[in-house]
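Report on the structure given below.
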Number of protein chains: 2
Amino acid sequence: MTSPLALPFPDLPPIAGVRLGVTCAGYKAWERADLTYAALAEGTTVAGVTTRSRCPSPEVEWCRRALPLGRARALVVNAGNSNAFTGARGRAAVEAIAARVAGATGCLPSDVFVASTGVIGVPLPIDRAEAGIDAVLDAPTATWREAADAIGTTDTFAKGAIATAIVDGRTVTVAGIVKGSGMIAPDMATMLGFLFTDAAVEAPFLQKMLEAANATTFSCITVDGDTSTSDTVLAFATGAAGNAPLADPDSPGADAFMAALTDVCRQLAQSVVRDGEGASKFVTVAVTGAESDRSAHRVAMSIANSPLVKTAVAGEDANWGRVVMAVGKAGEPAERDRLAIRFGATEVARDGAVAAGYEEAPVAAHLQGQEVEIGVDLGLGEGQATVWTCDLTHGYISINADYRS
Amino acid sequence: MTSPLALPFPDLPPIAGVRLGVTCAGYKAWERADLTYAALAEGTTVAGVTTRSRCPSPEVEWCRRALPLGRARALVVNAGNSNAFTGARGRAAVEAIAARVAGATGCLPSDVFVASTGVIGVPLPIDRAEAGIDAVLDAPTATWREAADAIGTTDTFAKGAIATAIVDGRTVTVAGIVKGSGMIAPDMATMLGFLFTDAAVEAPFLQKMLEAANATTFSCITVDGDTSTSDTVLAFATGAAGNAPLADPDSPGADAFMAALTDVCRQLAQSVVRDGEGASKFVTVAVTGAESDRSAHRVAMSIANSPLVKTAVAGEDANWGRVVMAVGKAGEPAERDRLAIRFGATEVARDGAVAAGYEEAPVAAHLQGQEVEIGVDLGLGEGQATVWTCDLTHGYISINADYRS
């Protein structure tokens, strides 16, 4: 069943220097495409951010080793098996994939980026991966929509985003696709995001920009607080637009490109929340007045991950006491008697008590909508952060408990 | 509906020096007793631990101020209204309660301990509290069971525990009652626990013992990870047993008393988990091989608070990949390739991959029971911790979302 918060897939044009393909490697007993391939023009630079899990998948380790080289010629994404926690056999599978692509295309194995999503603990079958790569190299060019579908697991809708910027007199495009939401599904893990641009960007600067964009976008979403072993976001810049390569923040057009990159990351990140398991409401949590931005982020995440706050939103219940609770438990500087809370535009609490003249009606009306905003001002400093989450419903339990793997 | 994990209320004898009473103050529109009173003999010492929330209730602040004095003559517990986040009016309510008891009984206001549980943000009505105190002072002596019922809110069963120890040649008794489980219920908050003993214990030593017992009992339970504004555990020692007062760990009988105190704390803490909202399984998470006990505790709590682990337990699903995920996200030292995981007595993973010869059948059988144990060995050091939680079911969502406050 498609999420009630789903957005239509955007109109994404081809990106010069990127050729997509999909095929069915058969990682599970299904007929759908589950291996996605992106061939990248010579000279493509790459940047990436990966999970902070202490139990990362071998794909994550592979990407981490290759990223400092800054070059990419191919991306392989496997859906249906995350290959995480599979020991030496899992590492061998990733190496086999890179070697197969390198042998067939003449690039180096370290030019091949690999990401996988699905069941944890089952080694990715090397024979199926190799046969899939052979097939996809001969496959017709796929569309962004086909690729977005093929990287998905229990996603209920295909997710993509696009933005443009003027760099060096040329219009460059940033397109991206994403799947999942944290540890999104039964036996399925991982958020994977892939951004492609025809802009020319030097790899170290692309890395800096991606890390900065990630900090305010992908790192600001949560569905259930459960961080995957395999989360990966990669950005590829083919340079086909022919602009003078962006090298640092002073390069002409760097600001515009950064804005476009961040815009695509935010759209993709929010689309993941919109496909959160069981989600019926899209929730924005905005914290201001903290001692630092980092502190504000932690308070916002404490609210966004609180089962009691999330169930209150699901129940359209103006239960602001649960927000007080979540602020109080965050472990960050907070003073009860300076705290102010709003739901939508309505202030419900101020100075450590219910707001004067508070009426529940406008808050109840706000909560009945699909887009809910919770604002908290801590009254301590200038730190602020905004994070996005969804509500916690029977749907989440049904997806994750009414099930035997 | 009573929790399927409920235990019968134990046979608790009176504790010399303690006289209980209950009455209906009418904090909500109900007929049940909602004000509990304990009169404590002259010379009673007291110890307490309270919530770490940065938004504590005025009751918590009151107890914190009185605890260093070490003396207690009365305990008042209000159910149905937590009086948290109520500003100056909330503080005035606590002061009025203490003053009323002090005036009627001739003790000091600082000898009166107050705890409240229920809706956040609504000042406790002073007139009802005062009338309730007047009534309870004239009420017949109540039983432990009546007191355990009267301090409850949405608890589904009354919770108590008892243990004895030989101190200075005398048998002393530790009895306790508890309500709730973290932020347990819609508009209802708080875990409140109260222990009473006829032993003579000097207040500073009682405080040290309670803190030590708390660290391995109440601090090791979680239902939803949502810490209340009002959590409070108080221990009262009347001294009526006539033993030479316990003053330090070298006092004869101190070890036996500490064991009894810890035993009662553990029974009460576990009984709270057994009444966790929607709970159908009692889950023990035991972490060994961590770099420190503190690190082990954090890893155990990451597992115990993971919605995906908790829903897997609810679904009787041997989804050990979710345990890997929860270890990985805990932010504590862990090495994937040293990690071992067991469900019950069955090892499922070792050295970063599935265990050799792993079969799901015995794990599935273990998960079908009401008592589930998840063991994790990190293979790094000697640190260990055990925590207790329950599964996450449709019942939790129904209680917290299918509801408008």
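The way I read the labels, and the way they are meant: chains A, B, ... in the order of the structure tokens, residue 1 as the first residue of every chain, and ligand 1 as the first ligand shown, with later ones counted on from there.
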
Every residue of segment 37-236 of chain A that DSSP places in strand (DSSP E), as an NGL selection string:
:A and (37-40 or 45-50 or 74-81 or 112-119 or 159-167 or 170-179 or 192-197 or 232-236)

Return chain B as a short mmCIF file (atom, residue, chain, number, x, y, z; two decimals) with C-alpha atoms, in the first residue's frame, after superposing it on chain A by a least-squares fit that covers all C-alpha atoms paired in order.
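Final file, result-v6.cif:
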```
data_model
loop_
_atom_site.label_atom_id
_atom_site.label_comp_id
_atom_site.auth_asym_id
_atom_site.auth_seq_id
_atom_site.Cartn_x
_atom_site.Cartn_y
_atom_site.Cartn_z
CA MET B 1 0.03 -0.01 -0.01
CA THR B 2 1.47 3.35 -1.04
CA SER B 3 2.20 5.74 1.80
CA PRO B 4 -0.51 8.40 2.22
CA LEU B 5 2.36 10.91 2.30
CA ALA B 6 3.78 9.80 -1.07
CA LEU B 7 4.85 12.37 -3.65
CA PRO B 8 4.78 11.79 -7.42
CA PHE B 9 8.13 10.89 -9.00
CA PRO B 10 9.59 14.06 -10.51
CA ASP B 11 10.47 14.54 -14.17
CA LEU B 12 14.19 13.75 -14.17
CA PRO B 13 16.13 14.35 -17.42
CA PRO B 14 19.19 12.27 -18.30
CA ILE B 15 22.44 13.54 -16.79
CA ALA B 16 25.22 13.76 -19.37
CA GLY B 17 27.92 11.24 -18.50
CA VAL B 18 25.56 8.87 -16.68
CA ARG B 19 24.00 5.77 -18.25
CA LEU B 20 21.64 3.69 -16.15
CA GLY B 21 20.70 0.02 -16.41
CA VAL B 22 18.65 -2.41 -14.35
CA THR B 23 18.24 -6.18 -14.34
CA CYS B 24 16.90 -9.04 -12.21
CA ALA B 25 19.82 -10.77 -10.51
CA GLY B 26 17.35 -12.78 -8.45
CA TYR B 27 18.61 -11.96 -4.96
CA LYS B 28 15.19 -13.05 -3.77
CA ALA B 29 12.54 -15.23 -5.39
CA TRP B 30 11.02 -12.39 -7.38
CA GLU B 31 10.78 -11.15 -10.94
CA ARG B 32 11.52 -7.48 -10.34
CA ALA B 33 14.76 -5.67 -11.19
CA ASP B 34 17.06 -5.86 -8.16
CA LEU B 35 20.46 -4.90 -9.61
CA THR B 36 21.00 -1.31 -10.68
CA TYR B 37 24.02 -0.15 -12.62
CA ALA B 38 25.25 3.34 -13.42
CA ALA B 39 28.05 3.74 -15.97
CA LEU B 40 29.92 6.97 -15.32
CA ALA B 41 31.96 8.96 -17.85
CA GLU B 42 35.72 9.04 -17.57
CA GLY B 43 36.76 11.84 -15.23
CA THR B 44 33.74 11.47 -12.93
CA THR B 45 34.51 12.53 -9.36
CA VAL B 46 32.80 11.08 -6.31
CA ALA B 47 31.99 11.93 -2.70
CA GLY B 48 30.19 9.92 -0.05
CA VAL B 49 28.93 9.68 3.50
CA THR B 50 28.27 6.36 5.21
CA THR B 51 26.68 4.93 8.34
CA ARG B 52 28.20 5.54 11.77
CA SER B 53 27.29 2.01 12.78
CA ARG B 54 30.12 0.07 14.43
CA CYS B 55 28.89 -2.95 12.51
CA PRO B 56 29.07 -1.66 8.93
CA SER B 57 28.49 -3.80 5.85
CA PRO B 58 31.45 -4.76 3.64
CA GLU B 59 29.96 -2.50 0.94
CA VAL B 60 30.30 0.45 3.31
CA GLU B 61 33.90 -0.49 4.06
CA TRP B 62 34.61 -0.85 0.33
CA CYS B 63 33.21 2.61 -0.43
CA ARG B 64 35.14 4.15 2.47
CA ARG B 65 38.38 2.79 1.07
CA ALA B 66 37.67 3.97 -2.48
CA LEU B 67 36.30 7.43 -1.65
CA PRO B 68 39.66 9.10 -0.86
CA LEU B 69 40.76 8.34 -4.44
CA GLY B 70 37.89 10.54 -5.64
CA ARG B 71 37.29 8.70 -8.92
CA ALA B 72 34.28 6.69 -10.07
CA ARG B 73 33.39 4.80 -13.27
CA ALA B 74 30.52 2.64 -12.06
CA LEU B 75 27.93 2.15 -9.35
CA VAL B 76 26.32 -1.22 -8.55
CA VAL B 77 23.32 -1.38 -6.20
CA ASN B 78 21.91 -4.70 -5.01
CA ALA B 79 18.41 -4.88 -3.47
CA GLY B 80 17.07 -7.78 -1.41
CA ASN B 81 20.26 -8.65 0.44
CA SER B 82 22.34 -6.17 2.44
CA ASN B 83 25.32 -8.55 2.69
CA ALA B 84 25.91 -7.06 6.17
CA PHE B 85 27.39 -9.18 8.97
CA THR B 86 28.51 -11.90 6.59
CA GLY B 87 32.23 -12.09 7.41
CA ALA B 88 34.81 -13.04 4.80
CA ARG B 89 32.19 -14.34 2.34
CA GLY B 90 30.52 -10.95 2.28
CA ARG B 91 33.80 -9.18 1.61
CA ALA B 92 34.55 -11.62 -1.20
CA ALA B 93 31.20 -10.82 -2.83
CA VAL B 94 31.96 -7.11 -2.97
CA GLU B 95 35.42 -7.74 -4.38
CA ALA B 96 33.98 -10.07 -7.01
CA ILE B 97 31.47 -7.42 -8.12
CA ALA B 98 34.16 -4.77 -8.47
CA ALA B 99 36.46 -7.16 -10.31
CA ARG B 100 33.72 -8.22 -12.72
CA VAL B 101 32.89 -4.62 -13.63
CA ALA B 102 36.56 -3.67 -13.90
CA GLY B 103 37.27 -6.64 -16.16
CA ALA B 104 34.36 -5.89 -18.46
CA THR B 105 34.82 -2.13 -18.72
CA GLY B 106 38.54 -1.64 -18.33
CA CYS B 107 38.40 0.50 -15.19
CA LEU B 108 40.05 -0.17 -11.84
CA PRO B 109 38.16 -2.11 -9.15
CA SER B 110 38.49 0.96 -6.92
CA ASP B 111 36.52 2.94 -9.53
CA VAL B 112 33.49 0.72 -8.82
CA PHE B 113 31.16 1.71 -5.97
CA VAL B 114 28.88 -0.91 -4.46
CA ALA B 115 25.87 -0.64 -2.16
CA SER B 116 23.45 -3.34 -1.03
CA THR B 117 20.20 -3.37 0.94
CA GLY B 118 18.07 -6.15 2.34
CA VAL B 119 18.41 -9.04 4.76
CA ILE B 120 21.31 -8.92 7.24
CA GLY B 121 23.49 -11.98 7.80
CA VAL B 122 23.14 -13.79 4.47
CA PRO B 123 26.18 -13.54 2.18
CA LEU B 124 25.34 -12.02 -1.20
CA PRO B 125 25.39 -14.89 -3.75
CA ILE B 126 28.43 -14.17 -5.95
CA ASP B 127 27.19 -16.16 -8.92
CA ARG B 128 23.95 -14.20 -9.14
CA ALA B 129 25.77 -10.89 -8.76
CA GLU B 130 28.23 -11.74 -11.53
CA ALA B 131 25.51 -12.98 -13.90
CA GLY B 132 23.50 -9.87 -13.11
CA ILE B 133 26.40 -7.61 -13.97
CA ASP B 134 26.95 -9.42 -17.26
CA ALA B 135 23.26 -8.94 -18.07
CA VAL B 136 23.03 -5.30 -17.04
CA LEU B 137 26.03 -4.31 -19.13
CA ASP B 138 24.07 -5.43 -22.18
CA ALA B 139 20.73 -4.05 -20.99
CA PRO B 140 19.01 -1.08 -22.63
CA THR B 141 19.35 2.30 -20.94
CA ALA B 142 17.01 2.56 -17.95
CA THR B 143 15.13 5.62 -16.76
CA TRP B 144 15.58 7.30 -13.38
CA ARG B 145 12.21 5.95 -12.37
CA GLU B 146 13.26 2.40 -13.23
CA ALA B 147 16.46 2.82 -11.23
CA ALA B 148 14.57 4.32 -8.27
CA ASP B 149 12.25 1.32 -8.30
CA ALA B 150 15.09 -1.19 -8.64
CA ILE B 151 17.05 0.06 -5.62
CA GLY B 152 13.96 -0.11 -3.38
CA THR B 153 13.03 -2.91 -1.03
CA THR B 154 9.84 -2.35 0.96
CA ASP B 155 9.61 1.25 -0.20
CA THR B 156 6.03 2.05 -1.12
CA PHE B 157 6.87 4.67 -3.74
CA ALA B 158 9.83 5.61 -5.96
CA LYS B 159 11.73 8.62 -4.67
CA GLY B 160 13.72 11.15 -6.69
CA ALA B 161 14.62 14.83 -6.73
CA ILE B 162 16.18 17.41 -9.01
CA ALA B 163 17.63 20.92 -8.86
CA THR B 164 19.66 23.10 -11.18
CA ALA B 165 22.27 25.81 -10.76
CA ILE B 166 24.15 28.21 -13.00
CA VAL B 167 27.87 27.49 -12.78
CA ASP B 168 30.44 29.19 -14.95
CA GLY B 169 27.67 30.34 -17.30
CA ARG B 170 26.34 26.83 -17.76
CA THR B 171 23.17 25.32 -16.31
CA VAL B 172 24.15 22.21 -14.38
CA THR B 173 21.71 19.67 -13.02
CA VAL B 174 21.77 17.64 -9.80
CA ALA B 175 19.50 14.59 -9.86
CA GLY B 176 19.12 12.04 -7.12
CA ILE B 177 17.29 8.88 -6.13
CA VAL B 178 16.93 7.34 -2.69
CA LYS B 179 15.42 4.27 -1.05
CA GLY B 180 14.34 3.28 2.41
CA SER B 181 14.29 5.03 5.74
CA GLY B 182 16.78 3.95 8.37
CA MET B 183 16.28 0.33 9.28
CA ILE B 184 13.06 0.48 7.38
CA ALA B 185 11.57 -2.97 7.13
CA PRO B 186 11.41 -6.59 8.21
CA ASP B 187 14.76 -8.09 7.33
CA MET B 188 15.32 -5.12 5.09
CA ALA B 189 17.69 -2.42 6.06
CA THR B 190 19.31 0.73 4.88
CA MET B 191 18.87 4.14 3.45
CA LEU B 192 20.73 4.40 0.15
CA GLY B 193 20.91 7.71 -1.72
CA PHE B 194 22.64 8.47 -5.01
CA LEU B 195 23.16 11.91 -6.54
CA PHE B 196 24.41 12.58 -10.04
CA THR B 197 25.42 15.85 -11.62
CA ASP B 198 26.88 16.86 -14.95
CA ALA B 199 28.83 19.63 -13.22
CA ALA B 200 32.60 19.39 -12.98
CA VAL B 201 33.55 19.34 -9.29
CA GLU B 202 36.88 18.36 -7.81
CA ALA B 203 36.46 15.36 -5.53
CA PRO B 204 37.72 16.90 -2.25
CA PHE B 205 35.37 19.86 -2.63
CA LEU B 206 32.47 17.61 -3.63
CA GLN B 207 33.14 15.62 -0.46
CA LYS B 208 33.07 18.76 1.70
CA MET B 209 29.84 19.96 0.13
CA LEU B 210 28.17 16.56 0.48
CA GLU B 211 29.15 16.34 4.15
CA ALA B 212 27.77 19.81 4.79
CA ALA B 213 24.54 19.05 2.93
CA ASN B 214 24.20 15.72 4.72
CA ALA B 215 24.47 17.37 8.13
CA THR B 216 21.28 19.35 7.60
CA THR B 217 19.33 16.82 5.53
CA PHE B 218 19.90 13.05 5.73
CA SER B 219 21.32 13.37 9.26
CA CYS B 220 18.14 15.18 10.31
CA ILE B 221 15.60 12.47 9.56
CA THR B 222 14.45 9.59 11.70
CA VAL B 223 11.68 7.06 11.44
CA ASP B 224 12.46 4.76 14.36
CA GLY B 225 15.88 5.83 15.58
CA ASP B 226 17.34 2.56 14.32
CA THR B 227 20.51 3.26 12.34
CA SER B 228 21.27 0.78 9.58
CA THR B 229 24.50 -1.12 9.06
CA SER B 230 24.55 0.00 5.44
CA ASP B 231 23.42 3.63 5.11
CA THR B 232 25.24 5.22 2.20
CA VAL B 233 24.89 8.43 0.19
CA LEU B 234 27.13 8.86 -2.82
CA ALA B 235 27.40 11.87 -5.16
CA PHE B 236 28.90 11.58 -8.64
CA ALA B 237 29.97 14.52 -10.79
CA THR B 238 30.60 13.62 -14.43
CA GLY B 239 31.90 17.03 -15.54
CA ALA B 240 30.04 16.70 -18.86
CA ALA B 241 28.62 20.22 -18.51
CA GLY B 242 32.09 21.51 -19.29
CA ASN B 243 32.28 24.18 -16.60
CA ALA B 244 35.57 25.14 -15.03
CA PRO B 245 35.77 22.58 -12.21
CA LEU B 246 34.49 23.77 -8.85
CA ALA B 247 37.47 23.50 -6.48
CA ASP B 248 36.59 25.50 -3.38
CA PRO B 249 33.94 27.83 -1.93
CA ASP B 250 35.39 30.76 -3.88
CA SER B 251 34.92 29.10 -7.27
CA PRO B 252 32.31 31.02 -9.30
CA GLY B 253 29.00 29.19 -8.96
CA ALA B 254 30.03 27.20 -5.92
CA ASP B 255 27.30 28.76 -3.80
CA ALA B 256 24.65 28.04 -6.41
CA PHE B 257 25.82 24.46 -6.81
CA MET B 258 25.89 23.93 -3.03
CA ALA B 259 22.33 25.24 -2.83
CA ALA B 260 21.20 22.82 -5.56
CA LEU B 261 23.02 19.90 -3.94
CA THR B 262 21.48 20.68 -0.55
CA ASP B 263 18.06 21.11 -2.12
CA VAL B 264 18.21 17.65 -3.71
CA CYS B 265 19.49 16.10 -0.46
CA ARG B 266 16.66 17.71 1.50
CA GLN B 267 14.00 16.58 -0.97
CA LEU B 268 15.36 13.03 -0.93
CA ALA B 269 15.69 12.95 2.88
CA GLN B 270 12.15 14.20 3.38
CA SER B 271 10.84 11.70 0.84
CA VAL B 272 12.32 8.91 2.95
CA VAL B 273 10.37 10.14 5.98
CA ARG B 274 7.26 10.28 3.79
CA ASP B 275 7.76 6.56 3.20
CA GLY B 276 8.44 5.80 6.88
CA GLU B 277 6.88 2.55 7.96
CA GLY B 278 3.25 3.10 8.86
CA ALA B 279 3.58 6.89 8.54
CA SER B 280 0.36 8.90 8.39
CA LYS B 281 1.81 12.32 9.32
CA PHE B 282 4.94 14.20 8.23
CA VAL B 283 6.35 15.88 11.33
CA THR B 284 8.78 18.81 11.46
CA VAL B 285 10.50 19.38 14.81
CA ALA B 286 12.16 22.80 15.07
CA VAL B 287 14.27 23.61 18.14
CA THR B 288 15.59 27.12 18.79
CA GLY B 289 17.23 28.90 21.70
CA ALA B 290 19.63 26.04 22.52
CA GLU B 291 23.17 26.52 23.78
CA SER B 292 24.50 25.25 20.43
CA ASP B 293 23.27 23.85 17.13
CA ARG B 294 24.53 20.45 18.21
CA SER B 295 22.54 20.63 21.44
CA ALA B 296 19.46 21.76 19.51
CA HIS B 297 19.86 18.78 17.18
CA ARG B 298 19.97 16.36 20.10
CA VAL B 299 16.88 17.85 21.73
CA ALA B 300 15.06 17.73 18.39
CA MET B 301 16.03 14.08 17.90
CA SER B 302 14.89 13.23 21.44
CA ILE B 303 11.47 14.61 20.54
CA ALA B 304 11.43 13.03 17.07
CA ASN B 305 12.38 9.59 18.44
CA SER B 306 10.05 9.59 21.44
CA PRO B 307 7.44 6.82 21.04
CA LEU B 308 5.04 8.81 23.22
CA VAL B 309 5.35 11.98 21.14
CA LYS B 310 5.01 9.98 17.92
CA THR B 311 1.95 8.10 19.12
CA ALA B 312 0.39 11.36 20.35
CA VAL B 313 0.81 12.79 16.84
CA ALA B 314 -0.72 9.63 15.38
CA GLY B 315 -3.67 10.06 17.75
CA GLU B 316 -3.97 13.77 16.84
CA ASP B 317 -3.62 14.40 20.56
CA ALA B 318 -2.39 17.84 21.71
CA ASN B 319 -0.38 16.14 24.44
CA TRP B 320 2.36 18.72 24.86
CA GLY B 321 3.37 17.23 28.21
CA ARG B 322 5.09 14.51 26.20
CA VAL B 323 7.18 17.16 24.44
CA VAL B 324 8.20 18.48 27.88
CA MET B 325 9.17 14.93 28.80
CA ALA B 326 11.25 14.48 25.65
CA VAL B 327 13.07 17.78 26.18
CA GLY B 328 13.74 16.83 29.79
CA LYS B 329 15.21 13.43 28.96
CA ALA B 330 17.47 14.60 26.15
CA GLY B 331 20.42 15.12 28.47
CA GLU B 332 21.08 18.55 27.00
CA PRO B 333 21.05 21.93 28.77
CA ALA B 334 17.44 22.97 29.36
CA GLU B 335 15.66 25.02 31.97
CA ARG B 336 12.10 24.07 32.60
CA ASP B 337 11.04 27.61 33.48
CA ARG B 338 12.36 29.09 30.21
CA LEU B 339 10.81 26.49 27.94
CA ALA B 340 8.25 27.45 25.27
CA ILE B 341 6.42 24.98 23.03
CA ARG B 342 4.21 25.46 20.00
CA PHE B 343 2.17 23.16 17.77
CA GLY B 344 1.90 24.73 14.35
CA ALA B 345 1.53 28.47 14.98
CA THR B 346 -0.13 28.09 18.39
CA GLU B 347 1.94 28.56 21.51
CA VAL B 348 0.90 25.98 24.09
CA ALA B 349 3.48 26.50 26.83
CA ARG B 350 5.74 29.32 27.97
CA ASP B 351 8.00 29.92 30.97
CA GLY B 352 7.57 26.43 32.36
CA ALA B 353 3.77 26.29 32.38
CA VAL B 354 0.79 26.27 30.04
CA ALA B 355 0.56 29.47 27.94
CA ALA B 356 -1.87 32.13 29.14
CA GLY B 357 -5.17 31.79 27.32
CA TYR B 358 -4.17 28.51 25.68
CA GLU B 359 -6.98 26.91 23.74
CA GLU B 360 -6.76 23.45 22.30
CA ALA B 361 -8.99 23.98 19.27
CA PRO B 362 -6.41 25.46 16.85
CA VAL B 363 -3.84 22.85 17.95
CA ALA B 364 -6.32 20.03 17.41
CA ALA B 365 -7.07 21.41 13.95
CA HIS B 366 -3.35 21.57 13.13
CA LEU B 367 -2.83 17.97 14.29
CA GLN B 368 -5.62 16.74 12.05
CA GLY B 369 -3.59 17.71 9.00
CA GLN B 370 -0.94 15.55 7.31
CA GLU B 371 1.85 18.06 8.03
CA VAL B 372 2.55 18.68 11.72
CA GLU B 373 5.07 21.11 13.15
CA ILE B 374 6.34 21.05 16.73
CA GLY B 375 8.38 24.07 17.81
CA VAL B 376 10.44 24.25 20.98
CA ASP B 377 12.35 27.29 22.23
CA LEU B 378 14.77 26.55 25.06
CA GLY B 379 15.42 30.23 25.86
CA LEU B 380 19.12 29.66 26.50
CA GLY B 381 21.09 30.72 23.42
CA GLU B 382 21.22 30.89 19.63
CA GLY B 383 21.51 27.20 18.78
CA GLN B 384 18.90 25.79 16.43
CA ALA B 385 18.09 22.67 14.45
CA THR B 386 15.23 21.23 12.42
CA VAL B 387 14.60 17.52 11.98
CA TRP B 388 11.89 15.53 10.24
CA THR B 389 10.09 12.41 11.30
CA CYS B 390 6.76 10.62 10.99
CA ASP B 391 4.22 9.41 13.49
CA LEU B 392 4.17 5.93 15.10
CA THR B 393 1.09 3.94 14.15
CA HIS B 394 -0.33 0.44 14.11
CA GLY B 395 1.12 0.25 10.60
CA TYR B 396 4.67 0.26 12.02
CA ILE B 397 3.85 -2.62 14.35
CA SER B 398 2.09 -4.55 11.59
CA ILE B 399 5.03 -4.20 9.23
CA ASN B 400 7.65 -5.16 11.82
CA ALA B 401 5.94 -7.59 14.19
CA ASP B 402 3.09 -9.25 12.32
CA TYR B 403 5.67 -11.08 10.30
CA ARG B 404 8.07 -14.00 10.59
CA SER B 405 11.31 -13.78 8.65
#
```

Let's see if you can do this: from backbone DSSP, list all helix (DSSP H, G or I) residues in segment 50-261 of chain B, as a ChimeraX atom specification.
/B:58-69,87-105,109-111,126-137,144-150,203-215,218-220,254-261

Can I get the selection written as a compact mmCIF listing (two decimals), in the first residue's frame, with C-alpha atoms?
```txt
# COMPACT_ATOMS: atom_id res chain seq x y z
CA PRO B 58 8.02 20.40 41.79
CA GLU B 59 7.52 17.23 43.87
CA VAL B 60 10.90 15.98 42.66
CA GLU B 61 12.50 19.31 43.53
CA TRP B 62 10.84 19.23 46.97
CA CYS B 63 12.17 15.74 47.71
CA ARG B 64 15.65 16.68 46.50
CA ARG B 65 15.74 19.57 48.94
CA ALA B 66 14.50 17.50 51.87
CA LEU B 67 16.59 14.37 51.28
CA PRO B 68 19.92 15.75 52.58
CA LEU B 69 18.26 16.27 55.98
CA GLY B 87 5.10 26.75 37.34
CA ALA B 88 4.55 28.63 40.58
CA ARG B 89 1.08 27.14 41.14
CA GLY B 90 2.53 23.66 41.14
CA ARG B 91 5.19 24.61 43.66
CA ALA B 92 2.54 26.17 45.88
CA ALA B 93 0.55 22.94 45.84
CA VAL B 94 3.48 20.91 47.14
CA GLU B 95 4.20 23.46 49.84
CA ALA B 96 0.55 23.46 50.89
CA ILE B 97 0.54 19.66 51.22
CA ALA B 98 3.66 19.66 53.39
CA ALA B 99 2.32 22.50 55.52
CA ARG B 100 -1.02 20.77 56.02
CA VAL B 101 0.61 17.55 57.20
CA ALA B 102 3.10 19.41 59.39
CA GLY B 103 0.32 21.44 61.00
CA ALA B 104 -1.80 18.40 61.73
CA THR B 105 0.95 16.10 62.99
CA PRO B 109 7.31 20.51 56.45
CA SER B 110 10.70 19.15 55.38
CA ASP B 111 9.80 15.85 57.10
CA ILE B 126 -4.76 22.59 46.43
CA ASP B 127 -8.23 22.43 47.94
CA ARG B 128 -8.68 18.77 47.00
CA ALA B 129 -5.22 17.88 48.28
CA GLU B 130 -5.84 19.58 51.62
CA ALA B 131 -9.27 18.00 52.06
CA GLY B 132 -7.79 14.65 51.12
CA ILE B 133 -5.08 14.96 53.74
CA ASP B 134 -7.63 15.86 56.40
CA ALA B 135 -9.63 12.77 55.43
CA VAL B 136 -6.72 10.36 55.24
CA LEU B 137 -5.43 11.33 58.67
CA TRP B 144 -0.09 -2.62 51.33
CA ARG B 145 -2.34 -3.85 48.57
CA GLU B 146 -4.69 -0.89 49.02
CA ALA B 147 -1.74 1.50 48.95
CA ALA B 148 -0.27 -0.19 45.85
CA ASP B 149 -3.62 0.21 44.11
CA ALA B 150 -4.03 3.83 45.21
CA ALA B 203 20.38 8.24 56.39
CA PRO B 204 23.69 8.79 54.55
CA PHE B 205 24.33 5.05 54.40
CA LEU B 206 20.74 4.33 53.37
CA GLN B 207 21.22 6.84 50.55
CA LYS B 208 24.42 5.13 49.37
CA MET B 209 22.79 1.71 49.43
CA LEU B 210 19.69 2.93 47.59
CA GLU B 211 21.81 4.56 44.89
CA ALA B 212 23.82 1.38 44.44
CA ALA B 213 20.68 -0.78 44.32
CA ASN B 214 19.03 1.64 41.90
CA ALA B 215 21.96 1.46 39.49
CA PHE B 218 15.37 0.67 38.40
CA SER B 219 18.03 2.20 36.15
CA CYS B 220 18.12 -1.02 34.13
CA ALA B 254 25.07 -4.39 56.26
CA ASP B 255 25.72 -6.90 53.49
CA ALA B 256 22.57 -8.85 54.29
CA PHE B 257 20.50 -5.67 54.40
CA MET B 258 21.97 -4.44 51.11
CA ALA B 259 21.09 -7.79 49.52
CA ALA B 260 17.49 -7.52 50.77
CA LEU B 261 17.19 -3.91 49.63
```
